[in-house]
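Chemist: Sharing a structure, written as structure tokens. Questions coming.
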Amino acid sequence: MNAPEQMKQFRHVGTRPVRPDGVDKVTGRALYSPDFKAPGMLWGAILRSPHPHARIIAIDTRQAEALAGVKAVATGRDLPTLESLVMHVGEGASDIVDVSHNCLALDKVLYEGHAVAAVAATSPEIAREALALIEVEYEELPFVLGVEEALAEGAPILHDNVFTKGVDPKPDKPSNAAMRVEMGGGDVEGALASAAATVTGRYSLEPVHQGYIEPHACVASWNGDGQAQIWTSSQGHFSVRALTASVLAMPQADIRVTPLEIGGGFGGKTTIYLEPVAMVLSKKSGRPVRLAMTREEVFRATGPAPGAVIDVRLGAAADGTLVAADVEFLYHSGAYTANDAGAGVSSAIGHYRIANTRVVGVEVLCNRPAAKAYRAPGAPQVNFAVESAMDELAGKLGIDPLELRLKNAVVEGDPQTTGLPWGRIGYVECLEAAKAHPHWSAPLGPNQGRGIAGGYWGNYGGPSTVNVSVAEDGTVTVATGSPDIGGSRASMAIMAAEVLDIPYERVRAVVADTASIGVSMVTGGSRTTFATGMATVQAAEEVKRILCERAARIWGVAADQVEWRSGEVTCLDGEKQGQVMSAAAIAGRSFHSGGPIAAVAALSAKGWLPGFGVHICDTEVDPETGHVKIVRYTAIQDVGIAIHPDYVEGQIQGGAAQGIGWALNEAYIYSKDGKLDNAGFLDYRMPVASDLPMIEAVLVEVPNPSHPYGVKGVGEVPIVPPLAAVANAIHAAAGVRLRDLPMAPDRVYAALHPEG
Amino acid sequence: MSKIRVSTTVNGDAAEFLCESGSSLLDVLRDTMGLTGSKEGCGSGDCGACTVVLDGEMVCSCLVLAPEAEGRTIATIEGVAEGSVLHPVQQKFLEHAALQCGFCTPGFIVAAKALLDRNPNPTETEVRYWLAGNLCRCTGYDKIVRAVLDAAAELRQERTPA
């Protein structure tokens, strides 16, 4: 479905070729983080806190060190003391002191599972045995898990050096409210008072895990000369390098990080947990060291998306025009200051034109693992509340929920919550596509209901480096610094082939290590196809220009007397007019006509545009059990232009499935003593194939005018609308409004049977 | 304690290894035999990334003790293709873009092949329930289910006499 401005005809963009790394991945040959071995490697293991909050009085490692086969033991004392420094790497900002203390606790443990000590030994069995010999003396402290409890008077304070940011004047007491963000304007209370209809609701969500199937793992080798290598999978090996070097106070260029294949990340692999610890163990032992997490460690110690408590009030005129929105939320930040509140504030209500708004978000520290980015970080939680409230408001007004959204949907030029105008966005196009889709008007069966929700994510651009080089036979290599987490090698090859107008198979894309390509930001924020794609196009254009220049030189004609046509250079001048020279012919002579042919594009991409999505969900609610079945699901999204539509659809389908899991099943469950009770895939219930129907992805293409091929980021948006789409469908099916996630059978049953 | 000596057949070849009594078959495949195509996503039999076929039965190799493999036949992802010719399930995974990160893919392919070996004409529901022991966090399963159904159709065509 193309917007009218989509006029370009492409040869490769929009096709669906097999990804270049595909065969390795269907035959088991691809090398992921836990698959890598280095010669002479030791096996590491990490001792973790059994307490949610405690002071470390003493750590005695002597018995562990004495165990035969143990080559090194490390604690927080082995990491250098650092000055506070907020680094903008990964996805969002982190204070390097927090990153360091999260890798190995120094004086306090802040959550059950917090790393306390580590060993490296000649076998995994010996490493585990050694952990049991480390004696840690703790002074247990009161702990707090809930956001409201953490803000209550007398709550245990996690950090005595955290004073709420974003509050003027600076508070005089430390607080668990790490950060407060407020946006909006107008007269909210006045508009609500005079509105024809209002809705008010309090919503809550539990933290959920990104749920990548590959646990974190790495191998580090730190030589006596100070130079080191790290082999790891991550969403950004340059971020791994920057963060690890900063934690260890060493030069970044002394660490070479080789990216291994990444088994999923969804935002959770934009930071580091193991690398500095493996480095210290390597330095102490003089050997390469592997550290790998178990699934249980992944749950207990790596970043969930924040849970939340959200209050929403919406008001509308009788014709459905929204007049006021008041949204206030508390997000779980976990053990350290996270980055979700700001994104939550700017993602809450910006998809509607509302004159009077107030959106407030607070990051709340509590004794849980430090919250980390998870697909559209900060947006799904608040969107769940706002889009549920929209559904309720539509009911009160007697207006179709899709029409209510269409009536208020923002278009290009309307102000965002920040006040800046929206660019060429496609929310209305998505709503229109939803209205026209057969799903919207399909009949429903008994106990079934249909819900709809819309949402968006801001997306990003940022730094990327790409090297496009031409081999002597004219084939092309595209080297990027962006890990391929879902088919980006294929999309880079498509874009380079499009520029050069050569077959896709003549372009091979690779992910280069930190010593082989320039700095590139993480694969995250839905930035890679946009930003790294922009760099790929720019470098390929430069290669094309060089090839033309070389051909002109070989022919002895002026540079403007040649032209690139169908992957070859054509001469326009004199008696050579009409002659062609292939890339192979030019590159084959390049050593004697100016040198090898290659171009680097290093840029910080601007002009990204947000993605908007509209999801339609049909549920069937079993009145006997409260079980909710997803019967049909359609996800409509403005994708700009889909470079490789299969992988765009895949992002949408996967994001929708994660959102459905968040809506229906997934939650961190804690015991009364502050320990995670469901640290495994048996009890942390992610959707499986039999839980889901086919998920129809509808690609709406409203091109981004700032990208050479119209790309908008697509990965994050699809997790935003599902939470409310499912809740609204449950309301339509069963007449009950569930405001607390997950909407597991017990909760649905309780709502259906309020008498108990 | 001395290690246990185990004789097996792996992907058609005789294979011997030494292991601890508590080692899992997955640990031996990955760490001793270098067959890292089988992945460990959980170590508790919940994710299916380590799926192999043991004497014709699909199992999570993380739940099988390595000494149990004595005298038995093991088929892993590394043996699914015939030389460099991909099995139709592998080929259809590529054509349908049924993988994103690819980490769960070996387990899905071994499981899907095991399904089609016994049921050449599964319904969508049968595919979904057969694969319910394999977790994928990237795809939402849509393209995986389509790839398996398409592979089944292709295999049935091959079996039909011309």
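Here, A, B, ... name the chains of the structure tokens in the order displayed, residue numbers run from 1 inside each chain, and ligands are numbered from 1 in the same displayed order.
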Provide as a VMD selection string the residues of chain A at most 8 Å from chain B, counting only C-alpha atoms.
Modeler: chain A and resid 17 to 19 22 to 23 25 to 32 35 211 to 215 261 to 264 294 to 296 484 to 487 646 to 647 650 to 651 653 to 658 680 to 682 686 to 690 692 to 695
Chemist: Give me, as a compact mmCIF listing (two decimals) with C-alpha atoms, in the first residue's frame, all polymer residues having an atom no more than 6 Å from range 62-75 of chain B, counting only C-alpha atoms and skipping those fewer than 2 positions away in the same chain.
Modeler:
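See around.txt below for the written result:
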# COMPACT_ATOMS: atom_id res chain seq x y z
CA VAL B 6 30.33 -43.63 25.98
CA SER B 7 29.97 -45.06 22.45
CA THR B 8 27.27 -43.58 20.24
CA THR B 9 26.40 -42.79 16.67
CA VAL B 10 26.14 -39.08 15.87
CA ASN B 11 24.70 -38.02 12.53
CA SER B 23 27.15 -34.15 32.16
CA SER B 24 24.23 -33.48 29.89
CA LEU B 25 24.18 -34.74 26.34
CA LEU B 26 24.02 -31.09 25.28
CA GLY B 43 19.05 -25.83 30.53
CA VAL B 52 18.03 -33.45 18.97
CA VAL B 53 16.62 -36.79 17.88
CA LEU B 54 17.67 -39.74 20.05
CA ASP B 55 16.83 -43.17 18.61
CA CYS B 60 15.81 -31.78 24.76
Chemist: Lys37 in chain A: which residues within 10 Å, counting only C-alpha atoms, same-chain residues fewer than 2 positions away excluded, as a PyMOL selection string?
Modeler: (chain A and resi 33-35+39-42+218-219+231+288-290) or (chain B and resi 31+34)
Chemist: Go ahead and write the selection's residues with all heavy atoms as a tab-separated table (two decimals), in the first residue's frame.
Modeler:
chain	number	residue	atom	x	y	z
A	33	SER	N	27.48	-16.22	20.85
A	33	SER	CA	28.35	-15.94	21.99
A	33	SER	C	28.72	-17.19	22.79
A	33	SER	O	29.89	-17.41	23.08
A	33	SER	CB	27.67	-14.93	22.91
A	33	SER	OG	28.53	-13.87	23.18
A	34	PRO	N	27.75	-18.04	23.16
A	34	PRO	CA	28.14	-19.19	23.99
A	34	PRO	C	28.89	-20.27	23.21
A	34	PRO	O	29.33	-21.25	23.80
A	34	PRO	CB	26.79	-19.75	24.47
A	34	PRO	CG	25.77	-18.70	24.18
A	34	PRO	CD	26.29	-17.94	23.00
A	35	ASP	N	29.04	-20.11	21.89
A	35	ASP	CA	29.69	-21.13	21.07
A	35	ASP	C	31.20	-20.91	20.95
A	35	ASP	O	31.92	-21.79	20.49
A	35	ASP	CB	29.11	-21.13	19.64
A	35	ASP	CG	27.61	-21.34	19.63
A	35	ASP	OD1	27.10	-21.97	20.58
A	35	ASP	OD2	26.95	-20.88	18.68
A	39	PRO	N	41.85	-20.68	22.59
A	39	PRO	CA	42.83	-21.65	23.08
A	39	PRO	C	43.26	-21.33	24.52
A	39	PRO	O	43.49	-20.17	24.85
A	39	PRO	CB	44.01	-21.47	22.12
A	39	PRO	CG	43.44	-20.81	20.90
A	39	PRO	CD	42.29	-19.99	21.38
A	40	GLY	N	43.29	-22.36	25.35
A	40	GLY	CA	43.73	-22.16	26.73
A	40	GLY	C	42.71	-21.49	27.62
A	40	GLY	O	43.04	-21.01	28.72
A	41	MET	N	41.49	-21.47	27.15
A	41	MET	CA	40.44	-20.71	27.84
A	41	MET	C	40.10	-21.30	29.20
A	41	MET	O	40.02	-22.52	29.36
A	41	MET	CB	39.22	-20.74	26.92
A	41	MET	CG	38.06	-19.94	27.36
A	41	MET	SD	36.71	-20.18	26.15
A	41	MET	CE	35.95	-21.66	26.79
A	42	LEU	N	39.85	-20.42	30.15
A	42	LEU	CA	39.34	-20.83	31.46
A	42	LEU	C	37.83	-20.59	31.50
A	42	LEU	O	37.29	-19.82	30.71
A	42	LEU	CB	40.00	-20.01	32.58
A	42	LEU	CG	41.51	-20.14	32.73
A	42	LEU	CD1	42.00	-19.13	33.77
A	42	LEU	CD2	41.90	-21.56	33.14
A	218	CYS	N	30.51	-14.25	27.09
A	218	CYS	CA	31.63	-13.60	26.40
A	218	CYS	C	32.92	-14.35	26.71
A	218	CYS	O	32.98	-15.13	27.66
A	218	CYS	CB	31.78	-12.14	26.84
A	218	CYS	SG	32.39	-11.94	28.52
A	219	VAL	N	33.92	-14.12	25.90
A	219	VAL	CA	35.28	-14.56	26.20
A	219	VAL	C	36.17	-13.32	26.14
A	219	VAL	O	36.07	-12.53	25.19
A	219	VAL	CB	35.78	-15.63	25.20
A	219	VAL	CG1	37.25	-15.96	25.46
A	219	VAL	CG2	34.92	-16.88	25.27
A	231	TRP	N	35.33	-11.42	22.70
A	231	TRP	CA	34.41	-12.00	21.72
A	231	TRP	C	33.05	-12.09	22.41
A	231	TRP	O	32.93	-12.76	23.46
A	231	TRP	CB	34.88	-13.38	21.30
A	231	TRP	CG	36.21	-13.39	20.59
A	231	TRP	CD1	36.41	-13.34	19.25
A	231	TRP	CD2	37.52	-13.47	21.17
A	231	TRP	NE1	37.75	-13.39	18.96
A	231	TRP	CE2	38.46	-13.47	20.13
A	231	TRP	CE3	37.98	-13.56	22.49
A	231	TRP	CZ2	39.83	-13.53	20.36
A	231	TRP	CZ3	39.34	-13.62	22.73
A	231	TRP	CH2	40.26	-13.61	21.66
A	288	PRO	N	42.74	-16.54	28.51
A	288	PRO	CA	41.39	-16.14	28.11
A	288	PRO	C	40.36	-16.75	29.07
A	288	PRO	O	40.55	-17.87	29.55
A	288	PRO	CB	41.22	-16.73	26.71
A	288	PRO	CG	42.59	-17.11	26.26
A	288	PRO	CD	43.40	-17.37	27.50
A	289	VAL	N	39.30	-16.01	29.33
A	289	VAL	CA	38.28	-16.46	30.27
A	289	VAL	C	36.89	-16.33	29.65
A	289	VAL	O	36.56	-15.28	29.08
A	289	VAL	CB	38.33	-15.64	31.58
A	289	VAL	CG1	37.15	-16.01	32.50
A	289	VAL	CG2	39.65	-15.87	32.31
A	290	ARG	N	36.13	-17.39	29.77
A	290	ARG	CA	34.72	-17.32	29.34
A	290	ARG	C	33.82	-17.11	30.56
A	290	ARG	O	33.98	-17.75	31.58
A	290	ARG	CB	34.29	-18.62	28.67
A	290	ARG	CG	32.75	-18.72	28.56
A	290	ARG	CD	32.27	-20.07	28.14
A	290	ARG	NE	32.48	-20.22	26.71
A	290	ARG	CZ	32.16	-21.33	26.04
A	290	ARG	NH1	31.64	-22.35	26.66
A	290	ARG	NH2	32.35	-21.38	24.75
B	31	ASP	N	30.53	-29.04	23.96
B	31	ASP	CA	31.87	-28.76	24.47
B	31	ASP	C	32.89	-29.84	24.12
B	31	ASP	O	34.06	-29.54	23.93
B	31	ASP	CB	31.81	-28.58	26.00
B	31	ASP	CG	30.97	-27.38	26.39
B	31	ASP	OD1	30.91	-26.43	25.57
B	31	ASP	OD2	30.37	-27.38	27.48
B	34	GLY	N	32.21	-30.46	19.83
B	34	GLY	CA	32.27	-29.26	19.00
B	34	GLY	C	31.05	-29.05	18.13
B	34	GLY	O	31.09	-28.28	17.17
Chemist: List every residue of chain B that DSSP, applied to the backbone, labels as helix (DSSP H, G or I), and write the result as a VMD selection string.
Modeler: chain B and resid 25 to 32 61 to 63 66 to 69 77 to 79 88 to 95 105 to 118 124 to 133 142 to 159
Chemist: Please extract the residues of range 534-571 of chain A with a backbone DSSP assignment of strand (DSSP E) and present them as an MDAnalysis selection string.
Modeler: chainID A and resid 562:565 568:571
Chemist: Those same residues - C-alpha atoms - I'd like them written as an mmCIF file, in the first residue's frame.
Modeler:
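Result went into selection_3.cif, see below:
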data_model
loop_
_atom_site.group_PDB
_atom_site.id
_atom_site.type_symbol
_atom_site.label_atom_id
_atom_site.label_comp_id
_atom_site.auth_asym_id
_atom_site.auth_seq_id
_atom_site.Cartn_x
_atom_site.Cartn_y
_atom_site.Cartn_z
ATOM 1 C CA VAL A 562 30.887 8.809 -18.613
ATOM 2 C CA GLU A 563 27.702 7.583 -17.017
ATOM 3 C CA TRP A 564 26.709 4.742 -14.693
ATOM 4 C CA ARG A 565 24.081 2.567 -16.395
ATOM 5 C CA GLU A 568 28.452 -0.534 -15.770
ATOM 6 C CA VAL A 569 30.122 2.642 -16.943
ATOM 7 C CA THR A 570 29.115 3.857 -20.382
ATOM 8 C CA CYS A 571 31.260 6.265 -22.374
#
